[in-house]
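Peer 1: Below you'll find upload22.cif; it's mmCIF, C-alpha atoms.
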```
data_run
loop_
_atom_site.group_PDB
_atom_site.id
_atom_site.type_symbol
_atom_site.label_atom_id
_atom_site.label_comp_id
_atom_site.auth_asym_id
_atom_site.auth_seq_id
_atom_site.Cartn_x
_atom_site.Cartn_y
_atom_site.Cartn_z
ATOM 1 C CA MET A 299 -2.262 -9.504 -27.500
ATOM 2 C CA GLN A 300 -3.618 -8.499 -24.075
ATOM 3 C CA LEU A 301 -6.105 -11.365 -24.186
ATOM 4 C CA LEU A 302 -3.399 -13.859 -25.195
ATOM 5 C CA VAL A 303 -1.160 -12.783 -22.310
ATOM 6 C CA PHE A 304 -4.072 -13.119 -19.908
ATOM 7 C CA ILE A 305 -5.067 -16.575 -21.216
ATOM 8 C CA LEU A 306 -1.498 -17.830 -20.866
ATOM 9 C CA ALA A 307 -0.864 -16.310 -17.426
ATOM 10 C CA TYR A 308 -4.176 -16.898 -15.659
ATOM 11 C CA PRO A 309 -3.922 -20.712 -15.198
ATOM 12 C CA PHE A 310 -0.419 -20.316 -13.738
ATOM 13 C CA LEU A 311 -1.576 -17.620 -11.302
ATOM 14 C CA TRP A 312 -4.582 -19.691 -10.304
ATOM 15 C CA LEU A 313 -2.386 -22.714 -9.561
ATOM 16 C CA ILE A 314 -0.148 -20.569 -7.356
ATOM 17 C CA SER A 315 -3.184 -19.251 -5.480
ATOM 18 C CA ILE A 316 -4.373 -22.736 -4.478
ATOM 19 C CA LEU A 317 -1.015 -24.025 -3.240
ATOM 20 C CA PRO A 318 -0.940 -25.085 0.429
ATOM 21 C CA TYR A 319 0.902 -22.466 2.447
ATOM 22 C CA ARG A 320 3.984 -24.601 2.989
ATOM 23 C CA LEU A 321 4.430 -25.092 -0.762
ATOM 24 C CA PHE A 322 3.316 -21.526 -1.451
ATOM 25 C CA TYR A 323 6.171 -20.042 0.589
ATOM 26 C CA LEU A 324 8.662 -22.581 -0.751
ATOM 27 C CA PHE A 325 7.719 -21.302 -4.184
ATOM 28 C CA SER A 326 8.257 -17.744 -2.913
ATOM 29 C CA ASP A 327 11.772 -18.767 -1.808
ATOM 30 C CA PHE A 328 12.434 -20.007 -5.343
ATOM 31 C CA VAL A 329 11.115 -16.745 -6.828
ATOM 32 C CA PHE A 330 13.377 -14.804 -4.453
ATOM 33 C CA PHE A 331 16.383 -16.793 -5.669
ATOM 34 C CA LEU A 332 15.523 -15.943 -9.284
ATOM 35 C CA VAL A 333 14.682 -12.290 -8.667
ATOM 36 C CA TYR A 334 17.578 -11.505 -6.339
ATOM 37 C CA HIS A 335 20.438 -13.760 -7.375
ATOM 38 C CA ILE A 336 19.750 -14.427 -11.071
ATOM 39 C CA ILE A 337 17.764 -11.504 -12.502
ATOM 40 C CA GLY A 338 18.881 -8.851 -10.028
ATOM 41 C CA TYR A 339 15.594 -6.962 -10.388
ATOM 42 C CA ARG A 340 16.054 -3.300 -9.362
ATOM 43 C CA LYS A 341 18.822 -4.152 -6.911
ATOM 44 C CA LYS A 342 20.599 -0.891 -7.699
ATOM 45 C CA VAL A 343 17.395 1.137 -7.195
ATOM 46 C CA VAL A 344 16.820 -0.506 -3.815
ATOM 47 C CA ARG A 345 20.429 -0.050 -2.697
ATOM 48 C CA ASP A 346 20.509 3.600 -3.850
ATOM 49 C CA ASN A 347 17.257 4.348 -1.988
ATOM 50 C CA LEU A 348 18.501 2.723 1.202
ATOM 51 C CA GLU A 349 21.855 4.512 1.074
ATOM 52 C CA LEU A 350 20.054 7.806 0.426
ATOM 53 C CA VAL A 351 17.704 7.673 3.415
ATOM 54 C CA PHE A 352 20.024 5.771 5.780
ATOM 55 C CA PRO A 353 23.401 7.491 5.230
ATOM 56 C CA LYS A 354 24.684 6.412 8.671
ATOM 57 C CA LYS A 355 24.075 2.696 8.166
ATOM 58 C CA SER A 356 27.013 0.494 7.268
ATOM 59 C CA LYS A 357 27.300 -1.390 3.980
ATOM 60 C CA GLU A 358 26.580 -4.597 5.869
ATOM 61 C CA GLU A 359 23.356 -3.161 7.322
ATOM 62 C CA ILE A 360 22.258 -1.866 3.917
ATOM 63 C CA HIS A 361 22.953 -5.263 2.362
ATOM 64 C CA ARG A 362 20.965 -7.042 5.075
ATOM 65 C CA ILE A 363 17.953 -4.744 4.664
ATOM 66 C CA GLN A 364 18.142 -5.044 0.878
ATOM 67 C CA LYS A 365 18.149 -8.840 0.978
ATOM 68 C CA ASP A 366 15.369 -9.029 3.559
ATOM 69 C CA PHE A 367 13.334 -6.586 1.498
ATOM 70 C CA PHE A 368 13.495 -8.795 -1.578
ATOM 71 C CA LYS A 369 12.421 -11.818 0.458
ATOM 72 C CA HIS A 370 9.448 -9.856 1.775
ATOM 73 C CA MET A 371 8.635 -8.400 -1.649
ATOM 74 C CA CYS A 372 8.379 -11.865 -3.202
ATOM 75 C CA ASP A 373 6.116 -13.028 -0.362
ATOM 76 C CA MET A 374 3.941 -9.938 -0.639
ATOM 77 C CA PHE A 375 3.438 -10.016 -4.407
ATOM 78 C CA LEU A 376 2.632 -13.718 -4.319
ATOM 79 C CA GLU A 377 0.202 -13.030 -1.467
ATOM 80 C CA MET A 378 -1.549 -10.707 -3.922
ATOM 81 C CA VAL A 379 -1.986 -13.733 -6.169
ATOM 82 C CA LYS A 380 -3.150 -15.782 -3.168
ATOM 83 C CA THR A 381 -6.058 -13.344 -2.860
ATOM 84 C CA MET A 382 -7.660 -15.089 -5.833
ATOM 85 C CA ASN A 383 -8.612 -18.025 -3.588
ATOM 86 C CA LEU A 384 -8.317 -16.535 -0.121
ATOM 87 C CA SER A 385 -11.409 -17.094 2.019
ATOM 88 C CA LYS A 386 -12.873 -14.590 4.492
ATOM 89 C CA GLU A 387 -12.002 -16.900 7.349
ATOM 90 C CA ASP A 388 -8.408 -17.236 6.197
ATOM 91 C CA VAL A 389 -7.816 -13.515 5.705
ATOM 92 C CA LYS A 390 -9.301 -12.753 9.136
ATOM 93 C CA LYS A 391 -6.875 -15.261 10.613
ATOM 94 C CA ARG A 392 -3.857 -13.857 8.777
ATOM 95 C CA TYR A 393 -4.735 -10.144 8.866
ATOM 96 C CA HIS A 394 -5.653 -9.172 12.426
ATOM 97 C CA ILE A 395 -6.986 -5.736 13.405
ATOM 98 C CA THR A 396 -6.063 -4.777 16.958
ATOM 99 C CA ASN A 397 -8.528 -1.898 17.456
ATOM 100 C CA VAL A 398 -11.421 -2.288 15.028
ATOM 101 C CA ASP A 399 -13.698 -0.500 17.538
ATOM 102 C CA CYS A 400 -11.838 2.710 16.725
ATOM 103 C CA ILE A 401 -13.127 2.779 13.171
ATOM 104 C CA LEU A 402 -16.576 1.469 14.140
ATOM 105 C CA ASP A 403 -17.081 4.401 16.503
ATOM 106 C CA ILE A 404 -15.960 7.011 13.986
ATOM 107 C CA GLU A 405 -18.014 5.686 11.061
ATOM 108 C CA LYS A 406 -21.224 6.308 12.998
ATOM 109 C CA GLU A 407 -20.624 10.031 12.638
ATOM 110 C CA LYS A 408 -18.492 10.627 9.571
ATOM 111 C CA SER A 409 -17.004 9.279 6.393
ATOM 112 C CA ILE A 410 -13.377 8.288 6.871
ATOM 113 C CA LEU A 411 -10.280 8.583 4.710
ATOM 114 C CA VAL A 412 -7.814 5.801 5.537
ATOM 115 C CA PRO A 413 -4.355 6.521 4.095
ATOM 116 C CA CYS A 414 -1.514 4.029 4.369
ATOM 117 C CA SER A 415 1.937 3.539 2.881
ATOM 118 C CA HIS A 416 3.502 0.874 0.672
ATOM 119 C CA TYR A 417 4.353 -1.162 3.716
ATOM 120 C CA ALA A 418 3.886 -4.818 4.737
ATOM 121 C CA ASN A 419 0.902 -6.134 2.733
ATOM 122 C CA TRP A 420 -1.338 -3.334 1.468
ATOM 123 C CA GLU A 421 -3.199 -5.772 -0.806
ATOM 124 C CA TRP A 422 -5.004 -7.399 2.108
ATOM 125 C CA ASN A 423 -6.038 -3.998 3.472
ATOM 126 C CA VAL A 424 -9.263 -4.391 1.485
ATOM 127 C CA SER A 425 -10.323 -7.032 4.020
ATOM 128 C CA LEU A 426 -10.941 -4.181 6.495
ATOM 129 C CA ASN A 427 -14.355 -3.836 4.921
ATOM 130 C CA LEU A 428 -15.347 -7.191 6.381
ATOM 131 C CA TYR A 429 -15.612 -5.451 9.751
ATOM 132 C CA VAL A 430 -17.286 -2.100 8.993
ATOM 133 C CA GLN A 431 -20.855 -1.040 8.285
ATOM 134 C CA SER A 432 -20.112 1.827 5.897
ATOM 135 C CA LYS A 433 -19.635 1.421 2.171
ATOM 136 C CA GLY A 434 -15.995 0.604 1.506
ATOM 137 C CA TYR A 435 -13.889 1.959 -1.346
ATOM 138 C CA ALA A 436 -10.294 1.219 -2.271
ATOM 139 C CA VAL A 437 -8.379 3.626 -4.501
ATOM 140 C CA TYR A 438 -6.194 1.749 -6.969
ATOM 141 C CA GLN A 439 -4.061 2.238 -10.068
ATOM 142 C CA LYS A 440 -5.759 0.829 -13.135
ATOM 143 C CA VAL A 441 -3.917 -2.111 -14.709
ATOM 144 C CA ALA A 442 -2.882 -1.502 -18.323
ATOM 145 C CA ASN A 443 -4.083 -4.940 -19.444
ATOM 146 C CA VAL A 444 -7.896 -4.664 -19.416
ATOM 147 C CA TYR A 445 -8.345 -8.376 -18.693
ATOM 148 C CA PHE A 446 -6.035 -8.322 -15.689
ATOM 149 C CA ASP A 447 -7.715 -5.108 -14.566
ATOM 150 C CA ARG A 448 -11.094 -6.875 -14.541
ATOM 151 C CA MET A 449 -9.565 -9.779 -12.642
ATOM 152 C CA VAL A 450 -8.035 -7.469 -10.025
ATOM 153 C CA LYS A 451 -11.334 -5.641 -9.536
ATOM 154 C CA LYS A 452 -13.213 -8.928 -9.240
ATOM 155 C CA PHE A 453 -11.002 -10.459 -6.565
ATOM 156 C CA ARG A 454 -10.451 -7.270 -4.574
ATOM 157 C CA SER A 455 -14.188 -6.568 -4.553
ATOM 158 C CA ARG A 456 -15.136 -9.837 -2.856
ATOM 159 C CA TRP A 457 -14.870 -8.344 0.622
ATOM 160 C CA ASN A 458 -17.487 -5.586 0.471
ATOM 161 C CA THR A 459 -15.086 -3.255 -1.365
ATOM 162 C CA GLU A 460 -15.592 -1.173 -4.494
ATOM 163 C CA LEU A 461 -12.456 -0.239 -6.398
ATOM 164 C CA ILE A 462 -12.163 3.278 -7.786
ATOM 165 C CA THR A 463 -9.281 4.824 -9.711
ATOM 166 C CA THR A 464 -7.399 7.872 -8.520
ATOM 167 C CA HIS A 465 -9.277 9.949 -11.115
ATOM 168 C CA GLU A 466 -12.644 8.775 -9.773
ATOM 169 C CA THR A 467 -11.866 9.417 -6.116
ATOM 170 C CA VAL A 468 -12.780 13.096 -5.735
ATOM 171 C CA LYS A 469 -16.092 12.889 -7.577
ATOM 172 C CA THR A 470 -17.019 9.679 -5.727
ATOM 173 C CA VAL A 471 -16.363 11.196 -2.299
ATOM 174 C CA ILE A 472 -18.215 14.428 -3.133
ATOM 175 C CA ARG A 473 -21.180 12.532 -4.585
ATOM 176 C CA ASN A 474 -21.488 10.298 -1.528
ATOM 177 C CA GLU A 475 -21.239 13.237 0.865
ATOM 178 C CA LYS A 476 -23.973 15.121 -0.990
ATOM 179 C CA LYS A 477 -26.198 12.054 -0.743
ATOM 180 C CA GLY A 478 -25.371 11.544 2.931
ATOM 181 C CA VAL A 479 -23.769 8.158 2.260
ATOM 182 C CA LYS A 480 -21.163 7.495 4.934
ATOM 183 C CA SER A 481 -18.224 5.691 3.397
ATOM 184 C CA ILE A 482 -14.677 4.569 4.123
ATOM 185 C CA TYR A 483 -11.953 5.201 1.552
ATOM 186 C CA GLY A 484 -8.662 3.321 1.687
ATOM 187 C CA MET A 485 -5.726 4.747 -0.249
ATOM 188 C CA VAL A 486 -1.982 4.239 -0.517
ATOM 189 C CA SER A 487 -0.740 7.808 -0.134
ATOM 190 C CA ASP A 488 3.059 7.715 -0.349
ATOM 191 C CA GLN A 489 3.445 7.560 -4.121
ATOM 192 C CA SER A 490 5.647 10.019 -5.984
ATOM 193 C CA PRO A 491 3.426 12.438 -7.943
ATOM 194 C CA MET A 492 4.559 13.950 -11.223
ATOM 195 C CA VAL A 493 6.294 17.274 -10.675
ATOM 196 C CA VAL A 494 3.737 19.118 -12.826
ATOM 197 C CA HIS A 495 0.976 17.837 -10.526
ATOM 198 C CA ALA A 496 2.845 18.435 -7.273
ATOM 199 C CA HIS A 497 1.249 21.097 -5.080
ATOM 200 C CA TYR A 498 3.125 20.304 -1.891
ATOM 201 C CA TRP A 499 6.714 19.358 -1.079
ATOM 202 C CA ASP A 500 8.067 18.194 2.257
ATOM 203 C CA SER A 501 10.730 16.033 3.846
ATOM 204 C CA PHE A 502 10.083 12.299 3.602
ATOM 205 C CA MET A 503 12.712 10.136 5.276
ATOM 206 C CA GLY A 504 14.965 13.199 5.386
ATOM 207 C CA ILE A 505 14.689 14.037 1.671
ATOM 208 C CA THR A 506 12.509 16.844 0.274
ATOM 209 C CA VAL A 507 10.176 15.427 -2.382
ATOM 210 C CA PRO A 508 6.689 16.092 -3.792
ATOM 211 C CA ILE A 509 3.940 14.738 -1.545
ATOM 212 C CA TYR A 510 0.356 13.855 -2.433
ATOM 213 C CA ASN A 511 -1.946 15.996 -0.315
ATOM 214 C CA GLY A 512 -5.275 14.998 -1.843
ATOM 215 C CA THR A 513 -6.332 13.290 1.380
ATOM 216 C CA GLU A 514 -5.939 16.550 3.276
ATOM 217 C CA VAL A 515 -7.709 18.603 0.603
ATOM 218 C CA LEU A 516 -10.766 16.329 0.744
ATOM 219 C CA ALA A 517 -10.756 16.086 4.537
ATOM 220 C CA ARG A 518 -10.614 19.851 5.056
ATOM 221 C CA LYS A 519 -13.142 20.663 2.326
ATOM 222 C CA LEU A 520 -15.734 18.063 3.370
ATOM 223 C CA ASP A 521 -14.898 17.833 7.080
ATOM 224 C CA LEU A 522 -13.976 14.141 6.933
ATOM 225 C CA ALA A 523 -12.162 12.037 9.498
ATOM 226 C CA VAL A 524 -8.668 10.793 8.645
ATOM 227 C CA VAL A 525 -7.269 7.621 10.199
ATOM 228 C CA PHE A 526 -3.819 6.250 9.409
ATOM 229 C CA LEU A 527 -3.605 2.508 8.840
ATOM 230 C CA LYS A 528 -0.463 1.014 10.330
ATOM 231 C CA VAL A 529 0.182 -2.550 9.181
ATOM 232 C CA SER A 530 2.966 -4.675 10.657
ATOM 233 C CA LYS A 531 4.284 -8.034 9.518
ATOM 234 C CA VAL A 532 4.084 -10.301 12.567
ATOM 235 C CA LYS A 533 5.636 -13.285 10.831
ATOM 236 C CA ARG A 534 5.591 -14.819 7.383
ATOM 237 C CA GLY A 535 2.043 -14.706 6.041
ATOM 238 C CA TYR A 536 0.614 -12.944 9.113
ATOM 239 C CA TYR A 537 -0.084 -9.237 9.542
ATOM 240 C CA GLN A 538 -1.415 -6.952 12.239
ATOM 241 C CA ALA A 539 -3.283 -3.717 11.524
ATOM 242 C CA GLU A 540 -3.808 -0.749 13.823
ATOM 243 C CA PHE A 541 -5.902 2.388 13.256
ATOM 244 C CA ILE A 542 -4.259 5.643 14.356
ATOM 245 C CA PRO A 543 -6.606 8.674 14.198
ATOM 246 C CA ILE A 544 -5.081 11.783 12.624
ATOM 247 C CA THR A 545 -8.194 13.947 12.894
ATOM 248 C CA LEU A 546 -11.893 13.447 13.496
ATOM 249 C CA ALA A 547 -12.797 16.785 11.901
ATOM 250 C CA GLY A 548 -10.804 17.765 8.855
ATOM 251 C CA LYS A 549 -12.170 21.296 8.614
ATOM 252 C CA HIS A 550 -10.678 22.151 12.012
ATOM 253 C CA THR A 551 -7.098 21.285 11.038
ATOM 254 C CA ALA A 552 -4.379 23.748 10.037
ATOM 255 C CA PRO A 553 -2.960 23.775 6.487
ATOM 256 C CA ASN A 554 -0.631 20.801 5.916
ATOM 257 C CA GLU A 555 -1.347 19.400 9.401
ATOM 258 C CA ILE A 556 -2.900 16.182 8.103
ATOM 259 C CA THR A 557 -0.213 15.620 5.475
ATOM 260 C CA LYS A 558 2.626 16.208 7.932
ATOM 261 C CA LYS A 559 1.103 13.789 10.440
ATOM 262 C CA PHE A 560 0.746 11.144 7.734
ATOM 263 C CA ILE A 561 4.408 11.575 6.794
ATOM 264 C CA GLU A 562 5.439 11.311 10.450
ATOM 265 C CA LEU A 563 3.482 8.074 10.975
ATOM 266 C CA ALA A 564 4.703 6.558 7.704
ATOM 267 C CA GLU A 565 8.323 7.345 8.610
ATOM 268 C CA GLN A 566 7.970 5.823 12.090
ATOM 269 C CA GLN A 567 6.631 2.650 10.525
ATOM 270 C CA ILE A 568 9.449 2.429 7.996
ATOM 271 C CA ARG A 569 12.197 3.042 10.538
ATOM 272 C CA GLU A 570 10.878 0.284 12.820
ATOM 273 C CA LYS A 571 11.431 -2.416 10.183
ATOM 274 C CA PRO A 572 12.685 -0.883 6.921
ATOM 275 C CA GLU A 573 12.781 -4.229 5.104
ATOM 276 C CA HIS A 574 8.972 -4.208 4.832
ATOM 277 C CA TYR A 575 8.779 -0.962 2.820
ATOM 278 C CA LEU A 576 8.611 -0.915 -0.993
ATOM 279 C CA TRP A 577 12.152 0.249 -1.750
ATOM 280 C CA SER A 578 11.995 -0.830 -5.387
ATOM 281 C CA HIS A 579 9.962 2.187 -6.495
ATOM 282 C CA LYS A 580 11.721 5.479 -7.242
ATOM 283 C CA ARG A 581 10.129 7.468 -4.438
ATOM 284 C CA TRP A 582 12.872 10.110 -4.279
ATOM 285 C CA LYS A 583 13.454 10.598 -8.021
ATOM 286 C CA HIS A 584 12.315 14.242 -7.988
ATOM 287 C CA ARG A 585 14.477 15.355 -5.052
ATOM 288 C CA ASP A 586 16.607 17.612 -7.300
ATOM 289 C CA LYS A 587 13.592 19.561 -8.585
ATOM 290 C CA VAL A 588 12.441 21.235 -5.366
ATOM 291 C CA PRO A 589 10.719 24.588 -6.088
ATOM 292 C CA PRO A 590 12.356 27.624 -4.394
ATOM 293 C CA GLU A 591 9.390 28.172 -2.076
ATOM 294 C CA PHE A 592 9.904 24.714 -0.532
ATOM 295 C CA GLN A 593 13.675 24.852 -0.192
#
```
Represent the structure of the file as structure tokens.
Peer 2:
Amino acid sequence: MQLLVFILAYPFLWLISILPYRLFYLFSDFVFFLVYHIIGYRKKVVRDNLELVFPKKSKEEIHRIQKDFFKHMCDMFLEMVKTMNLSKEDVKKRYHITNVDCILDIEKEKSILVPCSHYANWEWNVSLNLYVQSKGYAVYQKVANVYFDRMVKKFRSRWNTELITTHETVKTVIRNEKKGVKSIYGMVSDQSPMVVHAHYWDSFMGITVPIYNGTEVLARKLDLAVVFLKVSKVKRGYYQAEFIPITLAGKHTAPNEITKKFIELAEQQIREKPEHYLWSHKRWKHRDKVPPEFQ
């Protein structure tokens, strides 16, 4: 069944990926109409999340952000498909890094963990490896359909990037450090971990929830650098990335310092233009299960 689904879907995805940009974004407008006005995909989840973290915003403001989010979400997910036939020249034109020298200087001395949030277009973050000398890794969630998983790994790996799952991350980083292989690891770090696996809770957008702190654990144990990746949507189809150093020496940071700084930077980014954050995932679903020690 997985193979049949892949065979049926692949030609359609490929056709989307080769559309000229004008037609590509017209198609995205059509998808938005279906998703928002006809299907109503996760509209309640998005509205509930926005009302939760922005209690002072009016209903009109919430509605505007919600609608703009869905427009951006359709663009962003179709831009993932566009990656199938996106050239190096095109991605460099549409995904601009303002301070690439920052990462080039750091990588001469240390391996770097590059956390980011589900903001703007995190799919094209893998193009960062077109600019660096170190081995590049991107941490990703394995796709359930094995054929689509192979496709995702193939297209994301075109730009000097090796994809590793969350379960492979720790052993990969430790192995490379033991061998003296300087590497750069990109990871989306604002997911909601399962409560049973949550070791740290903190306020995110004003709500106490479990927070992944694996980046900090690795940085402090192996003395790695940590650099936040801030990505902004300049206009439709164009993004701007900026590196913001959190620490150049993980072992010299205080407990929770790295994680708290990541949260602070992620929140600043979201509050600037909330419509570009992924409001459709249930980021705050565990807010009622806060352990006593974190209350």
Peer 1: From the set A:Tyr537, A:Arg345, A:Lys587, A:Met492, which residue has the shortest atom-to-atom contact distance to Lys357 (chain A), counting only C-alpha atoms?
Peer 2: A:Arg345
Peer 1: Separation of CA of Ala523 (chain A) and CA of Leu426 (chain A), in Å?
Peer 2: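 Between CA of Ala523 (chain A) and CA of Leu426 (chain A) the gap is 16.5 Å.
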Peer 1: Selected by the PyMOL selection byres ((chain A and resi 422) around 10) in the shown coordinates: which residues, as a count of residues only?
Peer 2: 19
Peer 1: Residues near Leu546 (chain A), anyone? I mean within 9 Å using only C-alpha atoms, not counting same-chain ones fewer than 4 positions away, as an NGL selection string.
Peer 2: :A and (404 or 408 or 410 or 521-525 or 550)
Peer 1: For each of A:Asn347, A:Thr459, A:Ser432, A:Thr396, take the minimum atom-to-atom distance to Pro572 (chain A), counting only C-alpha atoms, then give the residue where this is smallest.
Peer 2: A:Asn347
Peer 1: What is the distance, in Å and to one decimal place, between CA of Asn458 (chain A) and CA of Tyr308 (chain A)?
Peer 2: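 These two atoms are separated by 23.8 Å.
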Peer 1: Using only C-alpha atoms, which residue out of A:Val343, A:Val486, A:Ile316, A:Leu306 lies closest to Lys580 (chain A)?
Peer 2: A:Val343
Peer 1: Excluding same-chain residues fewer than 6 positions from region 559-566 of chain A, what lies within 12 Å of it counting all atoms listed in the file, as a ChimeraX atom specification?
Peer 2: /A:351,411-418,486-489,499-514,524-530,540-545,551-553,572,574-575
Peer 1: Just give me the gap between CA of Lys406 (chain A) and CA of His465 (chain A) in Å, one decimal is fine.
Peer 2: 27.2 Å
Peer 1: Which one of A:Phe352, A:Asn474, A:Phe310, A:Tyr438 sits closest to Ile568 (chain A) if you count all atoms listed in the file?
Peer 2: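 Nearest candidate to Ile568 (chain A) out of A:Phe352, A:Asn474, A:Phe310, A:Tyr438: A:Phe352.
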